[in-house]
Amino acid sequence: MTRWAMTVDLRRCIGCQTCTAACKQTNATAPGTQWRQVLDMESGEYPDVRRTFVPVGCMHCADPPCVHVCPTTATRKRDDGLVTMDYDVCIGCGYCAVACPYQARHINHRRTYAYGGGPNETEAARFDPQRMSVANKCTFCVERIDAGLAKGLKPGVDPEATPACVNSCITQTYAFGDREDPNSNVSQLLAENHWFRMHEELGTDPGIYYIVDEK
Amino acid sequence: MSFAEPKAGRVAPWIQTNWDLRAAGNFIGGGTGTGLLIVAAFAAGAAYRPFALLGLAFVALGLFSVFLEIGRHLRAPRVLAHVGRSWMTREAIVAPFLFAAGLAAAWHPTPALAALTALLAAAYLYCQARILRAAKGIPAWRAPRIVPLTVVAGLAEGAGLLVLVLALLDRSFAVRWPALALAVLLVARTVAWRGYRKRLQAPAAALAALDAGRRIFDRLGNWVAAPVAVVASLLAPGPLAAGLAAAAGALALVCGWHFKITLITRAAHNQGFALPALPVRGKGAVGAAAKPGW
């Protein structure tokens, strides 16, 4: 069985937000909606101060609270671990948004534009009315994964079948692959390094692994 | 460990904005309405009919309130699709049976129909409590003790409304024991609240919001209203007893609503982001955990 997962090497991330921009370009998300965002966390007291860049988004949990609470079954989990959204079924009740401990879900009730009161050429061309007033979130670029697999490509190895954020990263912070395959890139990275998953104590079994140090 | 304001994205928990006063309206209407339907089945006696209709009206108002909240109104029937896991679906499935039984009981009041309505109302109220419990992203909602608190709060609000209406309709307030029942439920509500608050693990801002509302909800709505209800039940029938009963009922009701609004709109901070360890930079060591806002 496949479980698509992502590793994020926190030692490498420099907070350039290229992944954020690549995600927005690929998925045409509305202004203010970031399926992939990079947090800039400053912690500690002088002189022991740290700054950490933390990419976050939908964790594609193995036990996703959003799937459990969704009253319409618009949110589903596939056999390969991807948590998907059906915009045609969602009623926009927001229950998934309050059930998600990762703040990964967004609902856009009004059409907004990046510049001024109207859409620019790109916004006009890529506006999707299906997404208005329904929940939306990171899909791990499921269309790219499925299309790539159909062509015999390997997600996480072949860029055409790999999420846009992973492809765009200039520091190779991200890796993407099959967690169930011991020879995959993500499985090998996790075997060689110390890592954690965010809010793991909540029992969601998230699919994004944060690497902090080598073993 | 201190944390600076993030330059990109929010890190510490913040108040969710997906559910607002309209969602709170569902918990207010549903709690008060079902509470009234349950309490009236045992306490209203011959006056059951108007209380059944009033209880159903509150539930309907709550459902209409949450209907206004959803983004795609015409798709609302799809809410019935996930009975296997979603407590929101289960609430929606119970609703038509509740209205059918309640209207039948109001049309032809019998103990059996009133009891059936009370049973369905209890199921509806329990679903509402579990809706909050299943919201894993909001620490103040997902606490296990939110379930008994929500159920007892609904019953107390229903009893408060019953006593208020009885006192307004009968200036001598001849029927005493509904006021005693209200007092008992208010004691249960304060016990449930204290158990919930004592064990609650939530962001500091959410705890502060709950504690700020405690003066109204717990002290006024429970600690003042309960003795007033007891005194009203002990006094000789007359305007003073009726006035005190009405005051106790109103306090129980309004302060309960205040708590629901606080819980849904002011103490609804999300989980925020946390790191169990900070990454190595260069030749340094792994840093201590970071959990801002908690």
# chains A, B, ... in the order shown; residues from 1 in each chain; ligands from 1
>>> residues_around(residues="stretch 56-72 of chain B", least_positions_apart="3", cutoff="6 Å", atoms="only C-alpha atoms", output="list in words")
Ile91, Gly92, Cys93 and Ser133 of chain A; Arg22, Ala23, Gly25, Asn26, Gly29, Gly30, Gly33, Leu53 and Arg75 of chain B
>>> residues_around(residues="stretch 226-233 of chain B", least_positions_apart="5", cutoff="6 Å", atoms="only C-alpha atoms", output="mmCIF file with N, CA and C atoms, in the first residue's frame")
data_model
loop_
_atom_site.group_PDB
_atom_site.id
_atom_site.type_symbol
_atom_site.label_atom_id
_atom_site.label_comp_id
_atom_site.auth_asym_id
_atom_site.auth_seq_id
_atom_site.Cartn_x
_atom_site.Cartn_y
_atom_site.Cartn_z
ATOM 1 N N ARG B 176 -44.438 25.303 42.317
ATOM 2 C CA ARG B 176 -43.125 25.657 42.863
ATOM 3 C C ARG B 176 -41.980 24.802 42.358
ATOM 4 N N ALA B 179 -39.059 25.606 39.827
ATOM 5 C CA ALA B 179 -37.980 26.482 40.293
ATOM 6 C C ALA B 179 -36.933 25.683 41.047
ATOM 7 N N LEU B 180 -37.368 24.704 41.816
ATOM 8 C CA LEU B 180 -36.400 23.836 42.510
ATOM 9 C C LEU B 180 -35.585 23.021 41.514
ATOM 10 N N ALA B 183 -32.957 25.175 40.104
ATOM 11 C CA ALA B 183 -31.838 25.329 41.034
ATOM 12 C C ALA B 183 -30.910 24.117 40.985
ATOM 13 N N LEU B 186 -28.899 24.252 37.859
ATOM 14 C CA LEU B 186 -27.862 25.290 37.914
ATOM 15 C C LEU B 186 -26.677 24.823 38.747
ATOM 16 N N ALA B 241 -42.751 35.923 44.708
ATOM 17 C CA ALA B 241 -42.265 34.609 44.272
ATOM 18 C C ALA B 241 -42.188 34.555 42.755
ATOM 19 N N LEU B 244 -39.196 36.708 41.583
ATOM 20 C CA LEU B 244 -37.909 36.055 41.819
ATOM 21 C C LEU B 244 -37.704 34.878 40.870
ATOM 22 N N ALA B 245 -38.766 34.124 40.650
ATOM 23 C CA ALA B 245 -38.659 32.987 39.722
ATOM 24 C C ALA B 245 -38.340 33.471 38.318
ATOM 25 N N ALA B 248 -34.708 34.462 38.233
ATOM 26 C CA ALA B 248 -33.819 33.294 38.209
ATOM 27 C C ALA B 248 -33.822 32.651 36.833
#
>>> residues_around(residues="A:Asn27", least_positions_apart="3", cutoff="10 Å", atoms="only C-alpha atoms", output="list in words")
Ala21, Ala22, Cys23, Lys24, Ala30, Gln34, Trp35, Arg126, Lys137, Cys138, Thr139, Cys141 and Ala164 of chain A
>>> residues_around(residues="B:Trp14", least_positions_apart="2", cutoff="7 Å", atoms="only C-alpha atoms", output="PyMOL selection string")
chain B and resi 12+16+269-270+272
>>> closest_residue(among="A:Val98, A:Ile170, A:Cys90, A:Leu153", to="A:Gly15", atoms="only C-alpha atoms")
A:Ile170
>>> closest_residue(among="B:Leu220, B:Phe273, B:Gly238, B:Leu182", to="chain A", atoms="only C-alpha atoms")
B:Phe273
>>> atom_distance(atom1="atom CA of A:His106", atom2="atom CA of B:His73")
17.9 Å
>>> residues_around(residues="stretch 47-59 of chain A", least_positions_apart="5", cutoff="8 Å", atoms="only C-alpha atoms", output="list in words")
Val8, Leu10, Cys13, Ile14, Gly15, Trp35, Arg36, Gln37, Val38, Leu39, Asp40, Met41, Glu42, Tyr102, Gln103, Ala104, Arg105, Lys137, Cys138, Thr139, Pro206, Gly207 and Ile208 of chain A; Leu278 and Pro279 of chain B
>>> write_last_selection(atoms="C-alpha atoms", output="PDB file, in the first residue's frame")
ATOM      1  CA  VAL A   8      10.678  19.049   5.379  1.00  0.00           C
ATOM      2  CA  LEU A  10      14.052  22.467   8.809  1.00  0.00           C
ATOM      3  CA  CYS A  13      14.660  26.095   4.830  1.00  0.00           C
ATOM      4  CA  ILE A  14      15.660  29.758   4.458  1.00  0.00           C
ATOM      5  CA  GLY A  15      12.128  31.165   4.369  1.00  0.00           C
ATOM      6  CA  TRP A  35      -2.131  26.248   0.825  1.00  0.00           C
ATOM      7  CA  ARG A  36       1.616  26.196   1.407  1.00  0.00           C
ATOM      8  CA  GLN A  37       3.010  28.849   3.696  1.00  0.00           C
ATOM      9  CA  VAL A  38       6.285  29.236   5.520  1.00  0.00           C
ATOM     10  CA  LEU A  39       6.119  30.397   9.121  1.00  0.00           C
ATOM     11  CA  ASP A  40       8.890  32.589  10.469  1.00  0.00           C
ATOM     12  CA  MET A  41       9.311  31.668  14.133  1.00  0.00           C
ATOM     13  CA  GLU A  42      11.636  33.620  16.406  1.00  0.00           C
ATOM     14  CA  TYR A 102      -3.107  22.641  11.341  1.00  0.00           C
ATOM     15  CA  GLN A 103      -5.171  25.605  10.152  1.00  0.00           C
ATOM     16  CA  ALA A 104      -4.852  24.178   6.666  1.00  0.00           C
ATOM     17  CA  ARG A 105      -8.362  24.855   5.421  1.00  0.00           C
ATOM     18  CA  LYS A 137      -6.797  23.176   0.947  1.00  0.00           C
ATOM     19  CA  CYS A 138      -3.490  21.732  -0.231  1.00  0.00           C
ATOM     20  CA  THR A 139      -3.962  18.603  -2.304  1.00  0.00           C
ATOM     21  CA  PRO A 206       0.178  13.493   9.907  1.00  0.00           C
ATOM     22  CA  GLY A 207       1.969  12.920   6.619  1.00  0.00           C
ATOM     23  CA  ILE A 208       4.527  15.730   6.816  1.00  0.00           C
TER      24      ILE A 208
ATOM     25  CA  LEU B 278      14.132  23.294  16.868  1.00  0.00           C
ATOM     26  CA  PRO B 279      16.469  22.284  14.036  1.00  0.00           C
TER      27      PRO B 279
END
>>> residues_around(residues="stretch 130-132 of chain A", least_positions_apart="5", cutoff="9 Å", atoms="only C-alpha atoms", output="list of chain:residue names")
A:Tyr87, A:Asp88, A:Gly92, A:Ile107, A:Asn108, A:His109, A:Arg110, A:Arg111, B:Gly71, B:Arg72
>>> residues_around(residues="B:Arg78", least_positions_apart="4", cutoff="10 Å", atoms="only C-alpha atoms", output="count of residues only")
10
>>> closest_residue(among="A:Leu149, A:Ala28, A:Asp205, A:Glu192", to="A:Ala125", atoms="only C-alpha atoms")
A:Ala28
>>> atom_distance(atom1="atom CA of B:Val191", atom2="atom CA of B:Leu235")
26.3 Å
>>> closest_residue(among="A:Ala62, A:Ala5, A:Met198, A:Val157", to="chain B", atoms="only C-alpha atoms")
A:Met198
>>> closest_residue(among="B:Thr150, B:Thr17, B:Thr110, B:Thr32", to="chain A", atoms="only C-alpha atoms")
B:Thr17
